[in-house]
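Structure first, then comments.
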Amino acid sequence: MNQIALNIKEALPDAVESYFEAFGELTVVIARNKIFEVCRYVHDEPELDFDFITDICSVDYPNESPRFEMIYQFYSIKLNHRIRLKARVPEEDCVIDSVVAIWQGANFMEREVYDMMGIRFNNHPDLRRILMSDDYEEGYPLRKDFPVEGRGWRDQFETLETE
Amino acid sequence: MSDFQEKAGAYDHYGEDELESGIATEGTQKRVEDLLLNMGPQHPSTHGVLRIVLELEGETVVSATPYLGYLHRGVEKLAENSTYNQIIPLTDRLDYTSSMTNNYAFVRAVEKLLQIEIPERAEYVRTIVAEMQRLAGHLFWLGTQALDIGAMTVFFYTFREREVLLDLFELLCGARLTMSYYRVGGVDRDLTQEIIDKLYAFLETFPEKIDEYNTLLETNRIWIGRTRDVAVISAEDAINFGLSGPTLRGSGVNYDIRKAEPYGAYDKVEWEVPLGKNCDTYDRYWIRVEEMRQSAKIIKQCLDQLPEGRIITDLPQIAYPPRDKIQTEMESLIHHFMIATDGFDVPEGEIYCGTESPKGELGFYIKSQGGNRPYRLRIRPPSFIHMGAFEHMAKGYMISDIVTIFGTYDVVMGECDR
């Protein structure tokens with residue numbers, strides 16, 4: 001399985017930051033500005049042939065820098081193997097390249113990442129909120145600093161306020 | 001000329017050709033205007049709440065933009081603040097027509113992270129129940145899809161059999177819709193002899209029942225007319241969009257997780273993956289019907305092979321103690337209380353685990369930093385990803401086909417919006 005990682009590293013040496021295998025799954029950490037090139041490579045290279053997009057999601061680590069982590073899961077129908085690509089995105093410059101040009105299915109998944117975590121995508125054809133309403137202005141729900149309790153009618157009573 | 005006449009002139013039925021040939025003069029030609037039509041959020045065929053903005057040219061769809069999120073309940077956020085056992089009932093409410101397979105997908109993901117072995121009997125019981133759920137899910141799809149496009153009778157027949165299955169679920173776990181039957185490490189209750197007998201009796205007659213549905217649909221001119229060559233998507237596009245399940249196999253792509261990465265007892269029984277040729281809704285209907293036959297075959301073989309043994313792992317930190325002990329022994333009661341309130345610790349790590357649900361690949365990505373709650377839980381919902389291909393598939397069809405295209409994915413909005 002590490003052969004996949006070695007292939008990527010050989011073709012794009014400065015893109016791969018590290019790779020490891022855990023729970024029988026291969027994870028390759030990619031530099032943020034190389035994500036499109038790597039995706040194009042794993043999609044087109046016949047030995048890897050990751051034609052099926054499984055998922056795109058993101059994780060928030062508020063105490064780390066760079067803060068966000070993009071996670072891409074791909075699968076090859078012909079060769080029956082999986083890969084997970086990761087790239088870190090900093091909070092100050094919360095942008096990463098879109099992969100919609102390679103997998104059209106990435107369109108909705110990237111819109112959801114934008115909606116839920118506030119990461120923006122370069123060259124995305126239609127970057128709008130998807131699950132929350134268009135005029136939702138209270139932030140990004142899946143960020144760890146998003147309040148878990150809402151504000152309700154109770155908040156108007158000063159006596160109930162806690163510090 | 002009065003105002004009225006002037007306006008009427010603008011709607012005269014003359015086009016460019018008449019203008020050129022001199023029949024009509026400038027200002028009297030036909031005015032063409034695209035119509036924006038808002039379908040939903042409340043529409044009987046959307047099986048939940050979904051809004052589609054249709055741009056129409058006459059009755060032809062120029063573009064169809066889905067607006068999702070009306071059923072968004074923040075399951076992923078809720079899961080970050082719940083113990084692993086507390087998440088099982090949340091997964092019931094994703095695709096509420098097949099809650100058993102949702103439970104299955106989730107507990108498999110947690111087990112992969114825990115790296116625990118499941119007793120053999122539990123694997124068989126899980127496979128049997130998951131396939132029963134697939135039958136119920138496909139019966140639900142067949143009934144409602146036929147109802148949506150004008151064949152009402154099928155609904156009554158498919159729901160007759162679905163009722164039998166739901167009664168069996170009720171015998172098994174006490175619930176009919178939101179089951180929460182699977183547990184990390186096994187299942188909640190064992191199959192009783194009564195359930196096994198009733199299931200055998202059901203399987204005896206079920207293939208004839210499928211033939212019965214087919215007599216209503218297979219040669220039905222309306223059904224054929226409204227499903228053949230509707231919602232066509234090529235194999236390459238289907239893969240590119242990430243479609244899965246019967247929607248992908250309808251385009252002839254052989255991808256079924258039960259075969260590709262076998263789990264449960266699927267590699268111990270004989271069955272086949274039906275594949276379509278014409279990439280249209282009729283092929284997907286045929287695939288779902290064939291899958292029902294295959295599911296019946298799987299259940300029958302599993303029942304025949306059903307081994308004796310435990311139905312849940314004997315690891316005390318994960319499994320609840322048996323019910324009769326909880327009611328008689330103090331230690332077991334405390335033990336039960338601790339698992340119910342504190343849950344169990346899961347090692348650090350991250351995994352992705354996909355399971356074949358009736359709709360497609362239902363995957364769970366779990367990032368754990370240790371402790372009894374996931375740091376991040378991501379659900380890969382097949383319905384959501386199928387809706388991503390909706391615009392591509394709806395272009396160029398008639399407005400009445402929208403209902404067929406929507407139904408062809410077997411979409412359930414609870415799963416789509418989470």
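Naming scheme: A, B, ... for chains in displayed order of the structure tokens; residues 1 onward per chain; ligands 1 onward as shown.
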
Find the residues of chain B that sit at most 6 Å from chain A; for each, write down the nearest two atoms and how far apart they are in Å, to one decimal. Count only C-alpha atoms. Sort by chain, then by number going up, and give it as a tab-separated table.
```
residue	atom	partner	partner_atom	distance
B:Leu68	CA	A:Leu131	CA	5.6
B:Gly69	CA	A:Leu131	CA	3.9
B:Ile239	CA	A:Phe52	CA	5.4
B:Asn240	CA	A:Trp103	CA	5.2
B:Phe241	CA	A:Gly105	CA	3.8
B:Gly242	CA	A:Ile53	CA	5.2
B:Gly388	CA	A:Phe108	CA	5.6
```

Helix (DSSP H, G or I) per DSSP on the backbone: members of chain A, as a short mmCIF file (atom, residue, chain, number, x, y, z; two decimals) with all heavy atoms, in the first residue's frame:
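After the write, part.cif holds the following:
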```cif
data_model
loop_
_atom_site.label_atom_id
_atom_site.label_comp_id
_atom_site.auth_asym_id
_atom_site.auth_seq_id
_atom_site.Cartn_x
_atom_site.Cartn_y
_atom_site.Cartn_z
N ASN A 2 2.03 1.15 0.64
CA ASN A 2 2.92 2.31 0.65
C ASN A 2 3.45 2.65 -0.73
O ASN A 2 3.95 3.74 -0.94
CB ASN A 2 4.09 2.07 1.60
CG ASN A 2 3.65 2.27 3.04
OD1 ASN A 2 2.61 2.89 3.27
ND2 ASN A 2 4.41 1.74 3.96
N GLN A 3 3.31 1.69 -1.64
CA GLN A 3 3.73 1.93 -3.01
C GLN A 3 3.00 3.14 -3.59
O GLN A 3 3.59 3.93 -4.34
CB GLN A 3 3.45 0.67 -3.85
CG GLN A 3 4.09 0.67 -5.22
CD GLN A 3 5.60 0.90 -5.16
OE1 GLN A 3 6.29 0.34 -4.31
NE2 GLN A 3 6.11 1.74 -6.05
N ILE A 4 1.73 3.30 -3.22
CA ILE A 4 0.94 4.44 -3.70
C ILE A 4 1.60 5.74 -3.26
O ILE A 4 1.80 6.66 -4.05
CB ILE A 4 -0.50 4.35 -3.16
CG1 ILE A 4 -1.17 3.07 -3.67
CG2 ILE A 4 -1.30 5.56 -3.57
CD1 ILE A 4 -2.48 2.76 -2.98
N ALA A 5 1.96 5.79 -1.97
CA ALA A 5 2.59 7.00 -1.44
C ALA A 5 3.93 7.26 -2.12
O ALA A 5 4.25 8.40 -2.47
CB ALA A 5 2.76 6.87 0.07
N LEU A 6 4.68 6.18 -2.34
CA LEU A 6 5.99 6.34 -3.00
C LEU A 6 5.82 6.86 -4.42
O LEU A 6 6.57 7.72 -4.88
CB LEU A 6 6.74 5.00 -3.01
CG LEU A 6 7.27 4.55 -1.65
CD1 LEU A 6 7.85 3.14 -1.75
CD2 LEU A 6 8.31 5.52 -1.11
N ASN A 7 4.79 6.34 -5.12
CA ASN A 7 4.50 6.82 -6.48
C ASN A 7 4.26 8.32 -6.48
O ASN A 7 4.79 9.04 -7.32
CB ASN A 7 3.26 6.12 -7.03
CG ASN A 7 3.61 4.80 -7.69
OD1 ASN A 7 4.78 4.45 -7.79
ND2 ASN A 7 2.61 4.08 -8.12
N ILE A 8 3.42 8.76 -5.54
CA ILE A 8 3.10 10.20 -5.50
C ILE A 8 4.36 10.99 -5.19
O ILE A 8 4.63 12.02 -5.79
CB ILE A 8 2.01 10.47 -4.43
CG1 ILE A 8 0.74 9.68 -4.74
CG2 ILE A 8 1.68 11.95 -4.38
CD1 ILE A 8 -0.29 9.73 -3.65
N LYS A 9 5.15 10.48 -4.26
CA LYS A 9 6.34 11.20 -3.84
C LYS A 9 7.35 11.30 -4.99
O LYS A 9 8.02 12.32 -5.17
CB LYS A 9 6.98 10.49 -2.64
CG LYS A 9 7.90 11.42 -1.90
CD LYS A 9 8.22 10.92 -0.52
CE LYS A 9 9.04 12.00 0.19
NZ LYS A 9 9.36 11.67 1.53
N GLU A 10 7.43 10.24 -5.77
CA GLU A 10 8.36 10.24 -6.89
C GLU A 10 7.95 11.25 -7.95
O GLU A 10 8.77 11.98 -8.49
CB GLU A 10 8.40 8.84 -7.49
CG GLU A 10 9.72 8.49 -8.15
CD GLU A 10 9.76 7.01 -8.47
OE1 GLU A 10 9.89 6.20 -7.54
OE2 GLU A 10 9.60 6.69 -9.65
N ALA A 11 6.65 11.29 -8.23
CA ALA A 11 6.17 12.17 -9.29
C ALA A 11 6.16 13.63 -8.84
O ALA A 11 6.45 14.53 -9.63
CB ALA A 11 4.77 11.75 -9.72
N ARG A 32 -0.48 22.53 1.07
CA ARG A 32 -1.76 23.11 0.67
C ARG A 32 -1.77 23.57 -0.78
O ARG A 32 -2.74 23.35 -1.50
CB ARG A 32 -2.08 24.29 1.59
CG ARG A 32 -3.29 25.08 1.15
CD ARG A 32 -3.73 26.04 2.20
NE ARG A 32 -2.75 27.09 2.40
CZ ARG A 32 -3.05 28.39 2.35
NH1 ARG A 32 -4.27 28.78 2.11
NH2 ARG A 32 -2.11 29.30 2.57
N ASN A 33 -0.69 24.21 -1.23
CA ASN A 33 -0.72 24.78 -2.59
C ASN A 33 -0.55 23.72 -3.68
O ASN A 33 -0.68 24.01 -4.86
CB ASN A 33 0.33 25.88 -2.73
CG ASN A 33 1.69 25.40 -2.25
OD1 ASN A 33 1.83 24.26 -1.80
ND2 ASN A 33 2.70 26.24 -2.37
N LYS A 34 -0.28 22.46 -3.29
CA LYS A 34 -0.08 21.42 -4.31
C LYS A 34 -1.28 20.48 -4.42
O LYS A 34 -1.21 19.48 -5.15
CB LYS A 34 1.15 20.57 -3.94
CG LYS A 34 2.43 21.33 -3.88
CD LYS A 34 3.01 21.55 -5.25
CE LYS A 34 4.36 22.21 -5.11
NZ LYS A 34 4.83 22.85 -6.30
N ILE A 35 -2.36 20.76 -3.70
CA ILE A 35 -3.43 19.77 -3.60
C ILE A 35 -4.04 19.46 -4.98
O ILE A 35 -4.33 18.31 -5.28
CB ILE A 35 -4.51 20.22 -2.58
CG1 ILE A 35 -5.47 19.08 -2.25
CG2 ILE A 35 -5.31 21.43 -3.04
CD1 ILE A 35 -4.90 18.04 -1.34
N PHE A 36 -4.20 20.50 -5.81
CA PHE A 36 -4.82 20.25 -7.10
C PHE A 36 -3.93 19.35 -7.96
O PHE A 36 -4.40 18.41 -8.58
CB PHE A 36 -5.11 21.57 -7.82
CG PHE A 36 -5.89 21.38 -9.10
CD1 PHE A 36 -7.26 21.24 -9.08
CD2 PHE A 36 -5.22 21.30 -10.32
CE1 PHE A 36 -7.97 21.03 -10.25
CE2 PHE A 36 -5.93 21.10 -11.50
CZ PHE A 36 -7.30 20.97 -11.45
N GLU A 37 -2.62 19.64 -7.96
CA GLU A 37 -1.69 18.83 -8.76
C GLU A 37 -1.71 17.37 -8.32
O GLU A 37 -1.74 16.46 -9.15
CB GLU A 37 -0.26 19.36 -8.60
CG GLU A 37 0.07 20.56 -9.45
CD GLU A 37 1.44 21.10 -9.08
OE1 GLU A 37 2.41 20.32 -9.16
OE2 GLU A 37 1.53 22.27 -8.69
N VAL A 38 -1.70 17.16 -7.00
CA VAL A 38 -1.68 15.79 -6.49
C VAL A 38 -2.99 15.07 -6.87
O VAL A 38 -2.97 13.91 -7.30
CB VAL A 38 -1.47 15.77 -4.96
CG1 VAL A 38 -1.59 14.37 -4.41
CG2 VAL A 38 -0.12 16.35 -4.63
N CYS A 39 -4.11 15.77 -6.73
CA CYS A 39 -5.40 15.15 -7.07
C CYS A 39 -5.45 14.80 -8.55
O CYS A 39 -5.91 13.72 -8.93
CB CYS A 39 -6.55 16.09 -6.71
SG CYS A 39 -6.82 16.19 -4.94
N ARG A 40 -4.96 15.73 -9.37
CA ARG A 40 -4.92 15.47 -10.81
C ARG A 40 -4.06 14.23 -11.09
O ARG A 40 -4.43 13.36 -11.87
CB ARG A 40 -4.36 16.70 -11.53
CG ARG A 40 -4.08 16.57 -13.00
CD ARG A 40 -5.32 16.28 -13.82
NE ARG A 40 -6.15 17.45 -14.05
CZ ARG A 40 -7.40 17.37 -14.54
NH1 ARG A 40 -7.94 16.20 -14.81
NH2 ARG A 40 -8.11 18.45 -14.74
N TYR A 41 -2.95 14.12 -10.37
CA TYR A 41 -2.03 12.99 -10.59
C TYR A 41 -2.68 11.67 -10.16
O TYR A 41 -2.68 10.71 -10.92
CB TYR A 41 -0.72 13.23 -9.83
CG TYR A 41 0.21 12.05 -9.88
CD1 TYR A 41 0.92 11.75 -11.05
CD2 TYR A 41 0.38 11.23 -8.78
CE1 TYR A 41 1.76 10.66 -11.10
CE2 TYR A 41 1.23 10.14 -8.82
CZ TYR A 41 1.91 9.85 -9.99
OH TYR A 41 2.74 8.76 -10.05
N VAL A 42 -3.26 11.61 -8.94
CA VAL A 42 -3.82 10.34 -8.48
C VAL A 42 -5.05 9.95 -9.31
O VAL A 42 -5.37 8.77 -9.43
CB VAL A 42 -4.18 10.34 -6.97
CG1 VAL A 42 -2.97 10.55 -6.12
CG2 VAL A 42 -5.27 11.32 -6.64
N HIS A 43 -5.71 10.93 -9.89
CA HIS A 43 -6.86 10.61 -10.73
C HIS A 43 -6.44 10.06 -12.08
O HIS A 43 -7.01 9.10 -12.58
CB HIS A 43 -7.73 11.86 -10.91
CG HIS A 43 -8.94 11.64 -11.77
ND1 HIS A 43 -8.92 11.83 -13.13
CD2 HIS A 43 -10.19 11.23 -11.45
CE1 HIS A 43 -10.12 11.55 -13.61
NE2 HIS A 43 -10.90 11.18 -12.64
N ASP A 44 -5.40 10.67 -12.67
CA ASP A 44 -5.04 10.33 -14.05
C ASP A 44 -4.07 9.16 -14.16
O ASP A 44 -4.10 8.43 -15.14
CB ASP A 44 -4.43 11.55 -14.75
CG ASP A 44 -5.47 12.63 -14.99
OD1 ASP A 44 -6.66 12.32 -14.77
OD2 ASP A 44 -5.11 13.75 -15.37
N ALA A 106 -17.25 16.73 -6.30
CA ALA A 106 -16.66 17.55 -5.24
C ALA A 106 -17.44 18.85 -5.02
O ALA A 106 -17.30 19.48 -3.97
CB ALA A 106 -15.21 17.87 -5.58
N ASN A 107 -18.24 19.21 -6.00
CA ASN A 107 -18.97 20.48 -5.93
C ASN A 107 -19.77 20.62 -4.62
O ASN A 107 -19.54 21.55 -3.84
CB ASN A 107 -19.91 20.54 -7.15
CG ASN A 107 -20.59 21.87 -7.30
OD1 ASN A 107 -20.79 22.58 -6.31
ND2 ASN A 107 -20.93 22.24 -8.51
N PHE A 108 -20.67 19.68 -4.36
CA PHE A 108 -21.51 19.78 -3.16
C PHE A 108 -20.69 19.58 -1.89
O PHE A 108 -20.95 20.21 -0.88
CB PHE A 108 -22.64 18.74 -3.23
CG PHE A 108 -23.89 19.27 -3.86
CD1 PHE A 108 -23.84 20.14 -4.93
CD2 PHE A 108 -25.13 18.90 -3.37
CE1 PHE A 108 -24.99 20.63 -5.51
CE2 PHE A 108 -26.29 19.38 -3.94
CZ PHE A 108 -26.23 20.25 -5.01
N MET A 109 -19.70 18.68 -1.96
CA MET A 109 -18.91 18.41 -0.76
C MET A 109 -18.13 19.65 -0.35
O MET A 109 -18.04 19.98 0.83
CB MET A 109 -17.95 17.26 -1.03
CG MET A 109 -18.61 15.96 -1.40
SD MET A 109 -17.37 14.74 -1.85
CE MET A 109 -18.38 13.51 -2.66
N GLU A 110 -17.55 20.36 -1.32
CA GLU A 110 -16.79 21.58 -0.98
C GLU A 110 -17.70 22.69 -0.51
O GLU A 110 -17.35 23.46 0.39
CB GLU A 110 -15.96 22.02 -2.20
CG GLU A 110 -14.80 21.09 -2.45
CD GLU A 110 -13.92 21.49 -3.62
OE1 GLU A 110 -14.33 22.36 -4.43
OE2 GLU A 110 -12.83 20.94 -3.73
N ARG A 111 -18.91 22.73 -1.10
CA ARG A 111 -19.86 23.72 -0.61
C ARG A 111 -20.21 23.45 0.84
O ARG A 111 -20.39 24.37 1.63
CB ARG A 111 -21.14 23.69 -1.46
CG ARG A 111 -21.06 24.57 -2.68
CD ARG A 111 -22.31 24.45 -3.51
NE ARG A 111 -23.46 25.09 -2.89
CZ ARG A 111 -24.68 25.04 -3.38
NH1 ARG A 111 -24.92 24.38 -4.50
NH2 ARG A 111 -25.68 25.62 -2.78
N GLU A 112 -20.31 22.17 1.20
CA GLU A 112 -20.64 21.85 2.59
C GLU A 112 -19.49 22.23 3.52
O GLU A 112 -19.72 22.75 4.61
CB GLU A 112 -20.97 20.37 2.73
CG GLU A 112 -21.65 20.09 4.05
CD GLU A 112 -21.83 18.64 4.38
OE1 GLU A 112 -21.78 17.80 3.46
OE2 GLU A 112 -22.04 18.35 5.56
N VAL A 113 -18.25 21.98 3.08
CA VAL A 113 -17.10 22.37 3.91
C VAL A 113 -17.10 23.87 4.13
O VAL A 113 -16.90 24.36 5.24
CB VAL A 113 -15.78 21.90 3.25
CG1 VAL A 113 -14.59 22.50 3.97
CG2 VAL A 113 -15.69 20.39 3.25
N TYR A 114 -17.38 24.62 3.06
CA TYR A 114 -17.44 26.08 3.17
C TYR A 114 -18.54 26.50 4.14
O TYR A 114 -18.36 27.35 5.00
CB TYR A 114 -17.67 26.69 1.79
CG TYR A 114 -18.09 28.13 1.84
CD1 TYR A 114 -17.23 29.12 2.32
CD2 TYR A 114 -19.37 28.52 1.42
CE1 TYR A 114 -17.63 30.43 2.39
CE2 TYR A 114 -19.77 29.84 1.49
CZ TYR A 114 -18.90 30.79 1.97
OH TYR A 114 -19.29 32.09 2.06
N ASP A 115 -19.69 25.84 4.01
CA ASP A 115 -20.85 26.18 4.83
C ASP A 115 -20.59 25.88 6.30
O ASP A 115 -20.93 26.66 7.19
CB ASP A 115 -22.05 25.35 4.32
CG ASP A 115 -23.35 25.77 4.95
OD1 ASP A 115 -23.34 26.76 5.69
OD2 ASP A 115 -24.37 25.12 4.68
N MET A 116 -19.97 24.73 6.56
CA MET A 116 -19.85 24.26 7.93
C MET A 116 -18.58 24.74 8.61
O MET A 116 -18.52 24.84 9.83
CB MET A 116 -19.87 22.73 7.95
CG MET A 116 -21.20 22.15 7.58
SD MET A 116 -22.38 22.49 8.88
CE MET A 116 -23.87 22.69 7.95
N MET A 117 -17.52 25.00 7.85
CA MET A 117 -16.25 25.35 8.47
C MET A 117 -15.65 26.66 7.97
O MET A 117 -14.67 27.13 8.51
CB MET A 117 -15.28 24.20 8.28
CG MET A 117 -14.42 24.05 9.41
SD MET A 117 -14.25 22.79 10.56
CE MET A 117 -14.74 21.30 10.54
N TRP A 153 -35.41 32.82 24.73
CA TRP A 153 -36.17 33.85 25.45
C TRP A 153 -35.65 34.03 26.87
O TRP A 153 -35.79 35.08 27.47
CB TRP A 153 -37.64 33.48 25.47
CG TRP A 153 -37.91 32.18 26.16
CD1 TRP A 153 -37.83 30.94 25.61
CD2 TRP A 153 -38.26 31.99 27.53
NE1 TRP A 153 -38.10 29.99 26.54
CE2 TRP A 153 -38.38 30.61 27.74
CE3 TRP A 153 -38.50 32.86 28.62
CZ2 TRP A 153 -38.71 30.07 28.98
CZ3 TRP A 153 -38.82 32.31 29.83
CH2 TRP A 153 -38.93 30.93 30.02
N ARG A 154 -34.98 32.98 27.43
CA ARG A 154 -34.44 33.06 28.78
C ARG A 154 -33.42 34.18 28.92
O ARG A 154 -33.29 34.77 29.99
CB ARG A 154 -33.70 31.76 29.09
CG ARG A 154 -34.55 30.72 29.72
CD ARG A 154 -33.82 29.39 29.67
NE ARG A 154 -34.41 28.48 30.65
CZ ARG A 154 -33.89 28.25 31.82
NH1 ARG A 154 -32.77 28.80 32.16
NH2 ARG A 154 -34.49 27.45 32.66
N ASP A 155 -32.68 34.44 27.84
CA ASP A 155 -31.58 35.38 27.94
C ASP A 155 -32.01 36.79 28.28
O ASP A 155 -31.20 37.61 28.69
CB ASP A 155 -30.79 35.39 26.63
CG ASP A 155 -30.21 34.02 26.34
OD1 ASP A 155 -29.48 33.53 27.20
OD2 ASP A 155 -30.51 33.44 25.29
N GLN A 156 -33.32 37.11 28.11
CA GLN A 156 -33.73 38.48 28.40
C GLN A 156 -33.87 38.72 29.90
O GLN A 156 -33.99 39.86 30.33
CB GLN A 156 -35.03 38.78 27.67
CG GLN A 156 -36.15 37.84 28.05
CD GLN A 156 -37.35 38.00 27.14
OE1 GLN A 156 -37.94 39.07 27.09
NE2 GLN A 156 -37.69 36.95 26.42
N GLU A 158 -32.35 39.16 33.39
CA GLU A 158 -31.02 39.39 33.96
C GLU A 158 -30.72 38.46 35.11
O GLU A 158 -29.59 38.08 35.34
CB GLU A 158 -30.89 40.84 34.42
CG GLU A 158 -30.60 41.78 33.27
CD GLU A 158 -30.66 43.22 33.70
OE1 GLU A 158 -30.45 43.51 34.90
OE2 GLU A 158 -30.92 44.07 32.83
N THR A 159 -31.79 38.09 35.86
CA THR A 159 -31.57 37.28 37.06
C THR A 159 -30.99 35.91 36.73
O THR A 159 -30.33 35.30 37.56
CB THR A 159 -32.90 37.07 37.81
OG1 THR A 159 -33.88 36.70 36.84
CG2 THR A 159 -33.32 38.31 38.54
N LEU A 160 -31.26 35.43 35.53
CA LEU A 160 -30.80 34.10 35.17
C LEU A 160 -29.40 34.11 34.57
O LEU A 160 -28.83 33.07 34.30
CB LEU A 160 -31.76 33.46 34.18
CG LEU A 160 -33.09 33.00 34.76
CD1 LEU A 160 -34.02 32.56 33.65
CD2 LEU A 160 -32.89 31.86 35.75
#
```

Record the distance separating atom CA of A:Ser18 and atom CA of B:Gln115, expressed in Å with one decimal. 24.6 Å

Can you tell me, as a PyMOL selection string, what residues are no more than 7 Å from A:Lys86 when counting only C-alpha atoms, ignoring any on the same chain fewer than 6 positions away? chain A and resi 28-30+69-72

Print the selection's residues with N, CA and C atoms to a file, as a compact mmCIF listing (two decimals), in the first residue's frame.
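See part-v5.txt below for the written result:
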```
# COMPACT_ATOMS: atom_id res chain seq x y z
N VAL A 28 -1.81 10.39 3.26
CA VAL A 28 -0.71 11.16 2.72
C VAL A 28 -0.97 12.63 3.01
N VAL A 29 0.00 13.28 3.65
CA VAL A 29 -0.15 14.70 3.98
C VAL A 29 0.48 15.52 2.86
N ILE A 30 -0.30 16.45 2.34
CA ILE A 30 0.08 17.20 1.14
C ILE A 30 0.23 18.68 1.51
N GLU A 69 -7.91 21.37 8.89
CA GLU A 69 -7.35 20.26 8.14
C GLU A 69 -8.39 19.80 7.12
N MET A 70 -8.01 19.80 5.86
CA MET A 70 -8.91 19.28 4.81
C MET A 70 -8.64 17.79 4.67
N ILE A 71 -9.70 17.00 4.49
CA ILE A 71 -9.53 15.57 4.35
C ILE A 71 -10.23 15.11 3.08
N TYR A 72 -9.49 14.45 2.22
CA TYR A 72 -10.02 13.94 0.96
C TYR A 72 -9.93 12.42 0.99
```

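Put simply, atom CA of A:His124 is 27.5 Å away from atom CA of B:Lys359.
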
Need the shell around B:Ala201: protein/DNA/RNA residues with any atom at most 12 Å away, counting only C-alpha atoms. Skip same-chain ones fewer than 4 positions apart. Format as a VMD selection string? chain B and resid 164 to 165 168 194 to 197 205 to 207 296 300

Could you save the residues just selected, with all heavy atoms, as a compact mmCIF listing (two decimals), in the first residue's frame?
```txt
# COMPACT_ATOMS: atom_id res chain seq x y z
N VAL B 164 -44.97 -6.93 7.01
CA VAL B 164 -44.51 -8.19 7.62
C VAL B 164 -43.12 -8.01 8.20
O VAL B 164 -42.84 -8.42 9.33
CB VAL B 164 -44.52 -9.32 6.57
CG1 VAL B 164 -44.00 -10.61 7.17
CG2 VAL B 164 -45.91 -9.52 5.99
N LEU B 165 -42.25 -7.35 7.42
CA LEU B 165 -40.88 -7.14 7.88
C LEU B 165 -40.84 -6.22 9.10
O LEU B 165 -40.10 -6.47 10.05
CB LEU B 165 -40.03 -6.55 6.75
CG LEU B 165 -39.69 -7.52 5.62
CD1 LEU B 165 -39.17 -6.77 4.41
CD2 LEU B 165 -38.67 -8.52 6.08
N LEU B 168 -41.73 -8.04 12.11
CA LEU B 168 -40.60 -8.85 12.58
C LEU B 168 -39.60 -7.99 13.36
O LEU B 168 -39.07 -8.40 14.38
CB LEU B 168 -39.91 -9.54 11.41
CG LEU B 168 -40.66 -10.73 10.82
CD1 LEU B 168 -39.97 -11.21 9.55
CD2 LEU B 168 -40.73 -11.87 11.82
N GLU B 194 -39.31 -17.94 17.15
CA GLU B 194 -40.52 -17.42 16.50
C GLU B 194 -40.17 -16.54 15.30
O GLU B 194 -40.75 -16.68 14.22
CB GLU B 194 -41.32 -16.61 17.53
CG GLU B 194 -42.69 -16.17 17.02
CD GLU B 194 -43.36 -15.14 17.91
OE1 GLU B 194 -42.78 -14.78 18.97
OE2 GLU B 194 -44.45 -14.69 17.53
N ILE B 195 -39.16 -15.67 15.49
CA ILE B 195 -38.76 -14.78 14.39
C ILE B 195 -38.19 -15.61 13.24
O ILE B 195 -38.53 -15.37 12.07
CB ILE B 195 -37.72 -13.75 14.88
CG1 ILE B 195 -38.34 -12.83 15.92
CG2 ILE B 195 -37.17 -12.94 13.72
CD1 ILE B 195 -37.34 -11.92 16.61
N ILE B 196 -37.36 -16.61 13.60
CA ILE B 196 -36.74 -17.42 12.54
C ILE B 196 -37.83 -18.15 11.74
O ILE B 196 -37.80 -18.15 10.50
CB ILE B 196 -35.73 -18.41 13.17
CG1 ILE B 196 -34.54 -17.62 13.75
CG2 ILE B 196 -35.24 -19.42 12.14
CD1 ILE B 196 -33.56 -18.45 14.52
N ASP B 197 -38.81 -18.73 12.44
CA ASP B 197 -39.89 -19.44 11.74
C ASP B 197 -40.67 -18.49 10.83
O ASP B 197 -40.98 -18.80 9.68
CB ASP B 197 -40.83 -20.09 12.75
CG ASP B 197 -40.15 -21.22 13.50
OD1 ASP B 197 -39.11 -21.69 13.00
OD2 ASP B 197 -40.63 -21.60 14.59
N THR B 205 -42.63 -17.41 0.39
CA THR B 205 -43.57 -16.83 -0.58
C THR B 205 -43.05 -15.55 -1.21
O THR B 205 -43.64 -15.07 -2.18
CB THR B 205 -44.90 -16.51 0.12
OG1 THR B 205 -44.64 -15.68 1.25
CG2 THR B 205 -45.61 -17.77 0.54
N PHE B 206 -41.95 -14.99 -0.69
CA PHE B 206 -41.55 -13.66 -1.15
C PHE B 206 -41.21 -13.59 -2.65
O PHE B 206 -41.65 -12.64 -3.32
CB PHE B 206 -40.39 -13.13 -0.30
CG PHE B 206 -40.02 -11.71 -0.61
CD1 PHE B 206 -40.92 -10.68 -0.40
CD2 PHE B 206 -38.78 -11.40 -1.13
CE1 PHE B 206 -40.60 -9.38 -0.70
CE2 PHE B 206 -38.45 -10.09 -1.43
CZ PHE B 206 -39.35 -9.08 -1.22
N PRO B 207 -40.45 -14.57 -3.22
CA PRO B 207 -40.17 -14.47 -4.65
C PRO B 207 -41.42 -14.38 -5.52
O PRO B 207 -41.43 -13.64 -6.52
CB PRO B 207 -39.37 -15.75 -4.94
CG PRO B 207 -38.75 -16.10 -3.64
CD PRO B 207 -39.73 -15.69 -2.59
N ALA B 296 -33.11 -11.88 -0.39
CA ALA B 296 -33.86 -13.03 0.12
C ALA B 296 -32.97 -14.27 0.15
O ALA B 296 -33.00 -15.05 1.10
CB ALA B 296 -35.10 -13.26 -0.75
N LYS B 300 -31.79 -16.36 3.53
CA LYS B 300 -32.09 -17.79 3.65
C LYS B 300 -30.82 -18.58 3.97
O LYS B 300 -30.80 -19.40 4.90
CB LYS B 300 -32.69 -18.29 2.33
CG LYS B 300 -33.28 -19.67 2.41
CD LYS B 300 -34.56 -19.73 1.58
CE LYS B 300 -35.44 -20.88 2.04
NZ LYS B 300 -34.97 -22.17 1.67
```
